$ cat model21.txt   # compact mmCIF, C-alpha atoms
# COMPACT_ATOMS: atom_id res chain seq x y z
CA MET F 112 23.94 -81.82 27.63
CA ASP F 113 26.66 -79.22 28.10
CA GLY F 114 29.86 -80.04 26.30
CA ASN F 115 31.68 -76.91 27.47
CA ASN F 116 31.66 -77.37 31.23
CA THR F 117 35.37 -77.94 31.75
CA LYS F 118 37.30 -77.38 34.93
CA PRO F 119 38.87 -73.96 35.49
CA ALA F 120 42.40 -73.57 34.17
CA ALA F 121 45.12 -74.76 36.51
CA SER F 122 47.07 -72.04 38.26
CA ASN F 123 50.00 -71.86 40.63
CA ALA F 124 48.88 -68.50 41.97
CA THR F 125 48.01 -68.27 45.65
CA MET F 126 46.63 -65.70 48.09
CA THR F 127 48.24 -65.40 51.51
CA LEU F 128 45.96 -64.70 54.46
CA THR F 129 47.33 -63.71 57.84
CA ASP F 130 45.50 -63.90 61.17
CA ASN F 131 46.70 -60.80 63.04
CA SER F 132 45.68 -62.25 66.40
CA THR F 133 48.01 -65.25 66.06
CA GLY F 134 50.39 -64.18 63.33
CA ARG F 135 49.64 -67.41 61.50
CA SER F 136 49.50 -67.30 57.68
CA ILE F 137 48.00 -69.71 55.19
CA GLU F 138 48.00 -69.83 51.41
CA LEU F 139 44.84 -70.39 49.38
CA PRO F 140 44.76 -71.24 45.65
CA VAL F 141 43.70 -68.55 43.18
CA ILE F 142 41.72 -69.89 40.23
CA PRO F 143 41.34 -67.93 36.96
CA GLY F 144 38.30 -68.17 34.75
CA SER F 145 38.36 -67.88 30.96
CA VAL F 146 37.42 -64.20 31.38
CA GLY F 147 36.50 -62.00 34.33
CA PRO F 148 37.76 -61.83 37.93
CA LYS F 149 39.84 -64.61 39.47
CA VAL F 150 38.47 -66.40 42.53
CA ILE F 151 40.11 -67.44 45.79
CA ASP F 152 39.42 -71.11 46.54
CA VAL F 153 38.34 -71.02 50.20
CA ARG F 154 37.11 -74.62 50.44
CA SER F 155 39.94 -75.52 52.81
CA LEU F 156 39.68 -72.31 54.87
CA TYR F 157 37.68 -73.77 57.76
CA ALA F 158 39.83 -76.90 58.00
CA LYS F 159 43.01 -74.80 58.06
CA THR F 160 41.86 -71.92 60.27
CA GLY F 161 38.54 -72.70 61.92
CA TYR F 162 37.07 -69.63 60.20
CA PHE F 163 34.21 -69.23 57.72
CA THR F 164 33.76 -66.34 55.30
CA TYR F 165 30.94 -63.84 55.86
CA ASP F 166 29.27 -62.58 52.69
CA PRO F 167 25.55 -61.67 52.95
CA GLY F 168 23.88 -61.95 49.55
CA PHE F 169 26.98 -63.74 48.19
CA MET F 170 28.14 -60.42 46.75
CA ALA F 171 31.78 -61.55 46.57
CA THR F 172 31.37 -65.33 46.48
CA ALA F 173 31.39 -67.66 43.48
CA ALA F 174 29.10 -70.51 44.50
CA CYS F 175 29.67 -72.51 41.32
CA ARG F 176 31.65 -72.65 38.12
CA SER F 177 29.68 -72.05 34.94
CA SER F 178 30.29 -71.76 31.21
CA ILE F 179 26.85 -70.44 30.27
CA THR F 180 26.51 -66.69 30.76
CA TYR F 181 29.09 -63.96 31.32
CA ILE F 182 28.36 -60.42 32.49
CA ASP F 183 30.74 -57.47 32.77
CA GLY F 184 28.65 -54.81 34.43
CA ASP F 185 31.28 -52.09 34.16
CA GLN F 186 31.59 -52.51 30.40
CA GLY F 187 27.93 -53.27 29.75
CA ILE F 188 28.61 -56.76 28.35
CA LEU F 189 26.26 -59.75 28.37
CA MET F 190 27.20 -62.93 26.51
CA TYR F 191 25.51 -66.33 26.19
CA ARG F 192 28.15 -69.02 25.62
CA GLY F 193 30.49 -66.27 24.35
CA TYR F 194 28.00 -64.71 21.92
CA PRO F 195 27.18 -61.02 22.57
CA ILE F 196 23.51 -60.56 23.40
CA GLU F 197 23.20 -57.86 20.73
CA GLU F 198 24.18 -60.31 17.97
CA LEU F 199 21.82 -63.00 19.18
CA ALA F 200 18.87 -60.61 19.51
CA GLU F 201 19.50 -59.22 16.04
CA LYS F 202 20.32 -62.37 14.08
CA SER F 203 18.90 -65.33 16.00
CA ASN F 204 15.58 -66.41 17.49
CA PHE F 205 14.55 -67.69 20.89
CA LEU F 206 14.57 -71.42 20.18
CA GLU F 207 18.01 -71.23 18.58
CA VAL F 208 19.23 -69.33 21.64
CA ALA F 209 17.59 -71.95 23.86
CA TYR F 210 19.53 -74.67 22.04
CA LEU F 211 22.73 -72.67 22.49
CA LEU F 212 22.17 -72.25 26.23
CA LEU F 213 21.37 -75.92 26.70
CA ASN F 214 24.08 -77.41 24.52
CA GLY F 215 26.91 -74.89 24.39
CA GLU F 216 26.93 -74.43 20.60
CA LEU F 217 24.60 -73.00 17.99
CA PRO F 218 22.74 -75.78 16.13
CA ASN F 219 23.37 -76.82 12.56
CA PRO F 220 20.25 -76.97 10.33
CA THR F 221 19.48 -80.60 11.21
CA GLN F 222 19.91 -80.01 14.95
CA ARG F 223 17.80 -76.85 14.78
CA ASP F 224 14.93 -78.54 12.96
CA GLN F 225 14.94 -81.48 15.39
CA PHE F 226 15.02 -79.20 18.43
CA VAL F 227 12.21 -77.00 17.12
CA SER F 228 10.17 -80.12 16.38
CA ASP F 229 10.81 -81.53 19.88
CA ILE F 230 9.74 -78.29 21.57
CA THR F 231 6.74 -77.79 19.30
CA HIS F 232 5.39 -81.28 19.98
CA HIS F 233 5.66 -80.84 23.75
CA THR F 234 3.61 -77.62 23.95
CA MET F 235 0.33 -79.27 24.92
CA VAL F 236 -0.24 -80.01 28.60
CA HIS F 237 -1.96 -83.03 30.09
CA GLU F 238 -5.71 -82.50 29.75
CA GLN F 239 -6.25 -83.08 33.48
CA ILE F 240 -4.19 -79.96 34.17
CA THR F 241 -7.13 -77.89 32.89
CA SER F 242 -9.11 -79.23 35.86
CA PHE F 243 -6.26 -78.23 38.16
CA PHE F 244 -6.90 -74.58 37.31
CA ARG F 245 -10.41 -74.70 38.74
CA GLY F 246 -8.93 -74.92 42.21
CA PHE F 247 -7.65 -71.36 41.98
CA ARG F 248 -9.75 -68.29 42.71
CA ARG F 249 -10.66 -66.33 39.61
CA ASP F 250 -8.67 -63.33 40.89
CA ALA F 251 -5.54 -65.36 41.74
CA HIS F 252 -2.31 -63.69 40.67
CA PRO F 253 -1.00 -65.36 37.49
CA MET F 254 2.39 -65.95 39.17
CA ALA F 255 0.68 -67.85 41.99
CA VAL F 256 -1.04 -69.99 39.38
CA LEU F 257 2.17 -70.50 37.38
CA CYS F 258 4.13 -71.51 40.47
CA GLY F 259 1.49 -74.00 41.55
CA VAL F 260 0.88 -75.58 38.15
CA VAL F 261 4.58 -75.93 37.26
CA GLY F 262 5.27 -77.53 40.63
CA ALA F 263 2.44 -79.98 39.92
CA LEU F 264 3.90 -81.08 36.58
CA SER F 265 5.94 -83.74 38.36
CA ALA F 266 2.62 -85.38 39.29
CA PHE F 267 1.78 -85.72 35.57
CA TYR F 268 5.13 -86.56 33.99
CA HIS F 269 6.68 -89.33 36.09
CA ASP F 270 8.79 -90.51 33.17
CA SER F 271 11.10 -87.47 33.29
CA THR F 272 11.91 -86.94 36.96
CA ASP F 273 14.99 -89.16 37.33
CA ILE F 274 17.76 -86.57 37.49
CA ASN F 275 20.45 -89.24 37.10
CA ASP F 276 19.18 -90.27 33.66
CA PRO F 277 20.51 -87.93 30.92
CA TYR F 278 17.63 -88.81 28.61
CA GLN F 279 15.01 -88.02 31.24
CA ARG F 280 16.77 -84.73 32.00
CA MET F 281 16.58 -83.84 28.31
CA VAL F 282 12.88 -84.73 28.09
CA ALA F 283 12.09 -82.71 31.22
CA SER F 284 14.03 -79.77 29.78
CA HIS F 285 12.11 -79.86 26.53
CA ARG F 286 8.79 -80.22 28.34
CA LEU F 287 9.43 -77.23 30.59
CA ILE F 288 10.57 -74.95 27.78
CA ALA F 289 7.58 -76.01 25.67
CA LYS F 290 4.86 -75.96 28.32
CA LEU F 291 5.66 -72.74 30.19
CA PRO F 292 4.10 -70.52 27.47
CA THR F 293 1.03 -72.75 27.41
CA ILE F 294 0.62 -72.60 31.18
CA GLY F 295 1.32 -68.87 31.26
CA ALA F 296 -1.33 -68.23 28.61
CA MET F 297 -3.76 -70.46 30.49
CA ALA F 298 -3.21 -68.41 33.66
CA TYR F 299 -4.07 -65.26 31.70
CA LYS F 300 -7.16 -66.79 30.12
CA TYR F 301 -8.34 -68.11 33.48
CA SER F 302 -8.16 -64.62 35.00
CA LEU F 303 -10.43 -63.34 32.21
CA GLY F 304 -12.88 -66.22 32.30
CA GLN F 305 -12.07 -67.04 28.68
CA PRO F 306 -11.58 -70.56 27.29
CA PHE F 307 -8.07 -71.94 27.05
CA MET F 308 -6.52 -71.94 23.60
CA TYR F 309 -4.65 -75.01 22.41
CA PRO F 310 -1.20 -74.43 20.91
CA LYS F 311 -0.72 -74.62 17.15
CA ASN F 312 2.18 -76.61 15.73
CA SER F 313 2.27 -74.37 12.66
CA LEU F 314 3.33 -71.34 14.71
CA GLY F 315 6.72 -70.33 16.07
CA TYR F 316 7.44 -70.09 19.79
CA ALA F 317 6.60 -66.41 20.33
CA GLU F 318 3.76 -66.50 17.77
CA ASN F 319 2.20 -69.48 19.51
CA PHE F 320 2.31 -67.74 22.87
CA LEU F 321 0.57 -64.66 21.47
CA HIS F 322 -2.02 -66.90 19.80
CA MET F 323 -2.75 -68.75 23.07
CA THR F 324 -2.86 -65.50 25.04
CA PHE F 325 -4.95 -63.25 22.83
CA GLY F 326 -6.79 -65.65 20.52
CA VAL F 327 -10.35 -66.89 21.05
CA PRO F 328 -12.02 -70.02 19.62
CA CYS F 329 -14.71 -68.11 17.73
CA GLU F 330 -12.35 -66.48 15.24
CA GLU F 331 -8.90 -66.83 13.72
CA TYR F 332 -6.20 -64.84 15.48
CA LYS F 333 -3.67 -63.30 13.11
CA VAL F 334 -0.29 -62.83 14.72
CA ASN F 335 1.30 -59.47 13.99
CA PRO F 336 4.89 -60.22 12.89
CA VAL F 337 6.24 -57.01 14.47
CA LEU F 338 4.74 -57.96 17.83
CA ALA F 339 5.92 -61.55 17.49
CA ARG F 340 9.46 -60.38 16.77
CA ALA F 341 9.39 -58.04 19.77
CA MET F 342 8.10 -60.88 21.96
CA ASP F 343 10.84 -63.17 20.67
CA ARG F 344 13.47 -60.54 21.48
CA ILE F 345 12.09 -60.11 24.99
CA PHE F 346 12.40 -63.87 25.48
CA ILE F 347 16.00 -63.86 24.18
CA LEU F 348 17.07 -60.94 26.35
CA HIS F 349 15.61 -62.51 29.50
CA ALA F 350 16.71 -66.10 28.83
CA ASP F 351 19.59 -66.10 31.32
CA HIS F 352 21.49 -63.65 33.51
CA GLU F 353 24.22 -65.55 35.33
CA GLN F 354 23.80 -66.35 39.06
CA ASN F 355 20.85 -64.11 39.93
CA ALA F 356 18.48 -64.81 42.82
CA SER F 357 16.11 -67.14 40.97
CA THR F 358 18.91 -69.04 39.24
CA ALA F 359 20.70 -69.49 42.55
CA THR F 360 17.38 -70.75 43.96
CA VAL F 361 17.03 -73.31 41.15
CA ARG F 362 20.61 -74.50 41.69
CA ASN F 363 20.17 -74.69 45.46
CA ALA F 364 16.91 -76.63 45.17
CA GLY F 365 18.47 -78.91 42.57
CA SER F 366 21.51 -79.59 44.74
CA SER F 367 19.26 -81.60 47.06
CA GLY F 368 18.26 -83.90 44.19
CA ALA F 369 14.81 -82.40 43.74
CA ASN F 370 13.10 -83.13 40.41
CA PRO F 371 13.40 -80.47 37.67
CA PHE F 372 9.74 -79.40 37.83
CA ALA F 373 10.06 -78.64 41.54
CA CYS F 374 13.30 -76.75 40.94
CA ILE F 375 11.77 -74.54 38.26
CA ALA F 376 8.75 -73.87 40.48
CA ALA F 377 11.21 -72.73 43.16
CA GLY F 378 12.83 -70.40 40.63
CA ILE F 379 9.42 -68.96 39.72
CA ALA F 380 8.70 -68.29 43.40
CA SER F 381 12.00 -66.43 43.75
CA LEU F 382 11.43 -64.47 40.54
CA TRP F 383 8.08 -63.27 41.85
CA GLY F 384 9.85 -60.99 44.35
CA PRO F 385 9.51 -57.30 43.39
CA ALA F 386 13.27 -56.79 43.78
CA HIS F 387 13.90 -59.40 41.07
CA GLY F 388 11.21 -59.95 38.47
CA GLY F 389 8.81 -57.13 39.22
CA ALA F 390 10.89 -54.15 38.12
CA ASN F 391 9.06 -53.55 34.83
CA GLU F 392 5.76 -53.51 36.71
CA ALA F 393 7.27 -50.94 39.09
CA VAL F 394 8.14 -48.78 36.06
CA LEU F 395 4.51 -48.50 35.02
CA LYS F 396 3.37 -47.80 38.58
CA MET F 397 5.97 -45.02 38.74
CA LEU F 398 4.71 -43.54 35.47
CA ALA F 399 1.14 -43.67 36.73
CA ARG F 400 2.26 -41.85 39.87
CA ILE F 401 3.95 -39.10 37.82
CA GLY F 402 0.68 -38.78 35.94
CA ASP F 403 1.50 -36.15 33.33
CA LYS F 404 4.48 -34.92 31.30
CA LYS F 405 4.32 -31.56 33.02
CA ASN F 406 5.08 -33.31 36.33
CA ILE F 407 8.35 -34.87 35.11
CA PRO F 408 10.66 -31.98 36.15
CA GLU F 409 9.27 -32.03 39.68
CA PHE F 410 9.60 -35.83 39.83
CA ILE F 411 13.22 -35.70 38.65
CA SER F 412 14.00 -33.03 41.24
CA HIS F 413 12.78 -35.44 43.92
CA VAL F 414 14.97 -38.21 42.45
CA LYS F 415 18.01 -35.92 42.58
CA ASN F 416 17.34 -35.00 46.22
CA LYS F 417 19.20 -37.66 48.19
CA ASN F 418 17.10 -36.94 51.27
CA GLU F 419 13.82 -37.86 49.60
CA HIS F 420 14.68 -41.45 48.58
CA GLU F 421 12.62 -41.19 45.39
CA ILE F 422 13.50 -44.03 42.99
CA GLN F 423 13.37 -43.71 39.22
CA PHE F 424 12.54 -47.30 38.32
CA GLY F 425 13.81 -48.55 34.98
CA PHE F 426 17.01 -46.52 35.09
CA GLY F 427 20.36 -47.91 36.19
CA HIS F 428 21.02 -51.52 37.21
CA ARG F 429 22.60 -53.31 40.14
CA VAL F 430 24.97 -55.23 37.87
CA TYR F 431 25.40 -52.87 34.92
CA LYS F 432 27.35 -49.72 35.74
CA ASN F 433 27.12 -48.80 32.10
CA TYR F 434 24.29 -48.99 29.56
CA ASP F 435 22.33 -52.23 29.94
CA PRO F 436 23.14 -54.02 26.64
CA ARG F 437 19.66 -55.53 26.60
CA ALA F 438 18.12 -52.06 26.74
CA ARG F 439 19.88 -50.99 23.54
CA VAL F 440 18.16 -53.84 21.69
CA LEU F 441 14.76 -53.41 23.30
CA ARG F 442 14.68 -49.65 22.77
CA GLU F 443 14.54 -50.30 19.02
CA SER F 444 11.79 -52.89 19.44
CA CYS F 445 9.88 -50.56 21.74
CA HIS F 446 9.62 -47.83 19.15
CA GLN F 447 8.84 -50.37 16.41
CA VAL F 448 5.92 -51.73 18.44
CA LEU F 449 4.55 -48.29 19.25
CA ASP F 450 4.77 -47.28 15.60
CA GLU F 451 3.18 -50.54 14.41
CA LEU F 452 0.26 -50.19 16.79
CA GLY F 453 -0.12 -46.51 15.99
CA ILE F 454 -0.02 -45.61 19.67
CA LYS F 455 0.33 -41.86 19.74
CA ASP F 456 -2.26 -40.83 22.30
CA ASP F 457 -1.70 -43.20 25.22
CA PRO F 458 -0.84 -40.81 28.07
CA LEU F 459 1.27 -43.37 29.98
CA LEU F 460 3.36 -44.39 27.00
CA ASP F 461 3.71 -40.77 25.91
CA LEU F 462 4.90 -39.98 29.41
CA ALA F 463 7.44 -42.80 29.29
CA MET F 464 8.96 -41.56 26.04
CA GLU F 465 9.25 -38.05 27.44
CA LEU F 466 10.90 -39.32 30.62
CA GLU F 467 13.35 -41.31 28.48
CA LYS F 468 14.20 -38.22 26.42
CA ILE F 469 14.75 -35.95 29.41
CA SER F 470 16.78 -38.51 31.36
CA LEU F 471 19.09 -39.34 28.45
CA ASN F 472 19.99 -35.66 28.20
CA ASP F 473 20.20 -34.79 31.88
CA GLU F 474 23.72 -34.37 33.26
CA TYR F 475 22.70 -35.93 36.60
CA PHE F 476 21.79 -39.24 34.95
CA ILE F 477 24.60 -39.13 32.39
CA THR F 478 27.38 -38.68 34.97
CA ARG F 479 25.93 -41.44 37.17
CA LYS F 480 25.40 -43.72 34.17
CA LEU F 481 21.73 -44.11 35.04
CA TYR F 482 20.60 -45.16 31.60
CA PRO F 483 17.24 -46.80 30.80
CA ASN F 484 17.47 -50.53 31.47
CA VAL F 485 15.68 -53.52 30.00
CA ASP F 486 12.80 -53.23 32.48
CA PHE F 487 11.96 -49.71 31.31
CA TYR F 488 11.43 -50.75 27.71
CA SER F 489 9.93 -54.19 28.33
CA GLY F 490 7.21 -52.71 30.53
CA ILE F 491 6.29 -50.19 27.84
CA ILE F 492 6.24 -52.87 25.11
CA LEU F 493 4.14 -55.30 27.12
CA LYS F 494 1.60 -52.64 28.06
CA ALA F 495 1.35 -51.58 24.42
CA MET F 496 0.71 -55.20 23.42
CA GLY F 497 -2.16 -55.41 25.87
CA PHE F 498 -0.66 -57.41 28.73
CA PRO F 499 -1.80 -56.47 32.24
CA THR F 500 1.02 -55.73 34.67
CA SER F 501 0.22 -58.92 36.59
CA MET F 502 1.43 -60.89 33.56
CA PHE F 503 4.80 -59.17 33.23
CA THR F 504 6.66 -61.50 35.59
CA VAL F 505 4.97 -64.52 34.01
CA LEU F 506 6.56 -63.55 30.69
CA PHE F 507 9.90 -63.17 32.47
CA ALA F 508 9.51 -66.70 33.87
CA ILE F 509 8.69 -68.15 30.45
CA ALA F 510 11.88 -66.68 29.02
CA ARG F 511 14.09 -67.49 32.01
CA THR F 512 13.02 -71.15 32.16
CA VAL F 513 15.59 -72.13 29.53
CA GLY F 514 18.34 -70.41 31.52
CA TRP F 515 17.22 -72.12 34.72
CA ILE F 516 17.22 -75.48 32.95
CA ALA F 517 20.68 -74.91 31.46
CA GLN F 518 22.05 -73.90 34.86
CA TRP F 519 20.32 -76.82 36.59
CA THR F 520 21.70 -79.29 34.04
CA GLU F 521 25.19 -77.85 34.39
CA MET F 522 24.96 -78.23 38.16
CA ILE F 523 23.77 -81.85 37.93
CA GLU F 524 26.65 -82.73 35.60
CA ASP F 525 29.32 -80.91 37.64
CA PRO F 526 31.30 -83.44 39.75
CA ASP F 527 32.08 -80.69 42.28
CA THR F 528 28.40 -80.08 43.06
CA LYS F 529 27.43 -80.46 46.72
CA ILE F 530 24.13 -79.83 48.44
CA GLY F 531 23.74 -76.12 49.11
CA ARG F 532 24.46 -75.52 52.79
CA PRO F 533 25.55 -71.94 53.58
CA ARG F 534 27.25 -71.32 56.92
CA GLN F 535 26.26 -68.59 59.35
CA LEU F 536 27.66 -66.09 61.81
CA PHE F 537 25.73 -67.05 64.95
CA THR F 538 24.76 -64.09 67.16
CA GLY F 539 22.15 -65.74 69.39
CA ALA F 540 22.25 -66.80 73.02
CA THR F 541 25.08 -68.96 74.28
CA GLU F 542 24.29 -72.20 76.11
CA ARG F 543 21.65 -71.91 78.84
CA HIS F 544 19.46 -74.38 80.69
CA TYR F 545 15.76 -74.97 80.91
CA VAL F 546 13.93 -73.22 83.74
CA PRO F 547 10.53 -74.55 84.90
CA ILE F 548 7.70 -72.14 84.17
CA ASN F 549 6.92 -71.42 87.83
CA GLN F 550 10.50 -70.17 88.29
CA ARG F 551 10.51 -67.77 85.33
CA HIS F 552 10.10 -64.05 85.88

$ encode --input "model21.txt" --output "structure tokens"
Amino acid sequence: MDGNNTKPAASNATMTLTDNSTGRSIELPVIPGSVGPKVIDVRSLYAKTGYFTYDPGFMATAACRSSITYIDGDQGILMYRGYPIEELAEKSNFLEVAYLLLNGELPNPTQRDQFVSDITHHTMVHEQITSFFRGFRRDAHPMAVLCGVVGALSAFYHDSTDINDPYQRMVASHRLIAKLPTIGAMAYKYSLGQPFMYPKNSLGYAENFLHMTFGVPCEEYKVNPVLARAMDRIFILHADHEQNASTATVRNAGSSGANPFACIAAGIASLWGPAHGGANEAVLKMLARIGDKKNIPEFISHVKNKNEHEIQFGFGHRVYKNYDPRARVLRESCHQVLDELGIKDDPLLDLAMELEKISLNDEYFITRKLYPNVDFYSGIILKAMGFPTSMFTVLFAIARTVGWIAQWTEMIEDPDTKIGRPRQLFTGATERHYVPINQRH
């Protein structure tokens, strides 16, 4: 499905490595990308030297080649297929962005209409899946439900699990993108004890999700266009983010030949971790802990004290050493949502806006480039819309599914793909022999 996944440009450049203990040197190829840092091709390193590389967290290792998403954290750049995220969030919509991620190009009108139709007509889930929900406790975390139900989809859709069939891969992709909002909304409704809402083919992607989440059968739910647009932007901004933990999990699971539903369930499990998908929830917990605007100066003083290890969640980013480009877009949507809903007396949201104002003008944060990130604004928006914090990561998973699918498809179609099998630096016991229990001390 990806027409842009070409091999890296050929290069005659090499990197010379010298073993100081033996004086032996070897040359390794250096491969340039279309943009960004070059990589050293170490595939022959072990055969030539008997050494592996050691890189916990793969902080300096390119585990794949990809033409989908590019990030320059120092410059604050995020691009999908070469398109700046700011342009896509301003001018496009989520399903058009989904098509771009999957296929490498923006659709023409005919392609767009067909894709929207395909996704729209896959939004319903198998009716027996509603029975599947009854196996969960009423107070089950929505991410636990989402992970379980998505993993079970392969039991319902046998006709789209052959990863070697391009058509089946496409059908599975469309099903996952279409059904994740339905399943996410069902998880929310189940937690409330409310009836599930069927999707409506007359509604757009974000509108349909809001309808299924907040609508009830006894009356017509009118989707607020400002909220729908904000939801659509949140989906766009979270659709992909290069080789993050959950995407690497999807690729690693897929490298074994696992079916796409299982791979996406694995990605959901990885996303659930608080260090990955739970940051916007941490923002609201932090605000609740601060409690009142008058406590902000004291809180910030604790953040500035390096001996206290106080974290200001929602500011700064592991990748972006500049302003998070997604935050620029979502800041506008955040204030639009608050204005539309007339929220002027919510203490938590009022506190968040004051913290934003103080931090943007504080020299400590300015010099360290600790600007508000996407999690700061998304948490505020979602709370204003009425989502409980337990649903925040579910919304992240709905958006990120298209990125996972695009990355999974790219991996399947890459002739260089091998089953993920990281090496290790073994630090355990050397060889020893079994001692009978009566001789052990």

$ closest_residue --input "model21.txt" --among "F:Asp457, F:Glu467, F:Asp473, F:Asp229" --to "Ser412 of chain F" --atoms "all atoms listed in the file"
F:Asp473

$ axis_aligned_box --input "model21.txt" --around "segment 175-191 of chain F" --padding-each-side "8 Å" --output "JSON"
{"center_x": 28.6, "center_y": -62.4, "center_z": 33.8, "size_x": 22.1, "size_y": 36.6, "size_z": 31.1}

$ atom_distance --input "model21.txt" --atom1 "atom CA of Asp351 of chain F" --atom2 "atom CA of Arg511 of chain F"
5.7 Å

$ atom_distance --input "model21.txt" --atom1 "atom CA of His446 of chain F" --atom2 "atom CA of Thr512 of chain F"
26.9 Å

$ atom_distance --input "model21.txt" --atom1 "atom CA of Val282 of chain F" --atom2 "atom CA of Val227 of chain F"
13.4 Å

$ residues_around --input "model21.txt" --residues "segment 259-264 of chain F" --least-positions-apart "6" --cutoff "8 Å" --atoms "only C-alpha atoms" --output "list in words"
Ile240, Phe243, Phe244, Leu291, Ile294, Phe372, Ala373, Ile375 and Ala376 of chain F

$ residues_around --input "model21.txt" --residues "segment 344-346 of chain F" --least-positions-apart "3" --cutoff "7 Å" --atoms "only C-alpha atoms" --output "PyMOL selection string"
chain F and resi 200+205+340-341+349-350+510

$ closest_residue --input "model21.txt" --among "F:Lys468, F:His269, F:Arg286, F:Lys405" --to "Met235 of chain F" --atoms "all atoms listed in the file"
F:Arg286

$ decode --input "model21.txt" --residues "segment 328-362 of chain F" --atoms "C-alpha atoms" --output "PDB file, in the first residue's frame"
ATOM      1  CA  PRO F 328     -30.992   6.059  22.339  1.00  0.00           C
ATOM      2  CA  CYS F 329     -33.810   8.085  23.896  1.00  0.00           C
ATOM      3  CA  GLU F 330     -32.927  11.365  22.185  1.00  0.00           C
ATOM      4  CA  GLU F 331     -31.047  12.767  19.219  1.00  0.00           C
ATOM      5  CA  TYR F 332     -27.479  13.796  19.962  1.00  0.00           C
ATOM      6  CA  LYS F 333     -26.421  16.968  18.169  1.00  0.00           C
ATOM      7  CA  VAL F 334     -22.698  17.078  17.528  1.00  0.00           C
ATOM      8  CA  ASN F 335     -21.112  20.432  18.298  1.00  0.00           C
ATOM      9  CA  PRO F 336     -18.973  21.314  15.246  1.00  0.00           C
ATOM     10  CA  VAL F 337     -16.339  23.086  17.375  1.00  0.00           C
ATOM     11  CA  LEU F 338     -15.905  19.987  19.536  1.00  0.00           C
ATOM     12  CA  ALA F 339     -15.897  17.718  16.492  1.00  0.00           C
ATOM     13  CA  ARG F 340     -13.182  19.813  14.862  1.00  0.00           C
ATOM     14  CA  ALA F 341     -11.095  19.751  18.044  1.00  0.00           C
ATOM     15  CA  MET F 342     -11.527  15.972  18.261  1.00  0.00           C
ATOM     16  CA  ASP F 343     -10.505  15.610  14.619  1.00  0.00           C
ATOM     17  CA  ARG F 344      -7.383  17.691  15.254  1.00  0.00           C
ATOM     18  CA  ILE F 345      -6.471  15.582  18.280  1.00  0.00           C
ATOM     19  CA  PHE F 346      -6.741  12.486  16.081  1.00  0.00           C
ATOM     20  CA  ILE F 347      -4.546  14.070  13.377  1.00  0.00           C
ATOM     21  CA  LEU F 348      -1.876  15.200  15.824  1.00  0.00           C
ATOM     22  CA  HIS F 349      -1.649  11.767  17.448  1.00  0.00           C
ATOM     23  CA  ALA F 350      -1.884   9.683  14.268  1.00  0.00           C
ATOM     24  CA  ASP F 351       1.818   8.787  14.109  1.00  0.00           C
ATOM     25  CA  HIS F 352       5.068   9.734  15.821  1.00  0.00           C
ATOM     26  CA  GLU F 353       7.872   7.765  14.200  1.00  0.00           C
ATOM     27  CA  GLN F 354       9.425   4.793  16.070  1.00  0.00           C
ATOM     28  CA  ASN F 355       7.985   5.328  19.554  1.00  0.00           C
ATOM     29  CA  ALA F 356       7.520   2.511  22.068  1.00  0.00           C
ATOM     30  CA  SER F 357       4.091   1.353  20.888  1.00  0.00           C
ATOM     31  CA  THR F 358       5.005   1.570  17.194  1.00  0.00           C
ATOM     32  CA  ALA F 359       8.178  -0.409  17.834  1.00  0.00           C
ATOM     33  CA  THR F 360       6.003  -2.946  19.680  1.00  0.00           C
ATOM     34  CA  VAL F 361       3.645  -3.262  16.700  1.00  0.00           C
ATOM     35  CA  ARG F 362       6.579  -3.712  14.321  1.00  0.00           C
TER      36      ARG F 362
END
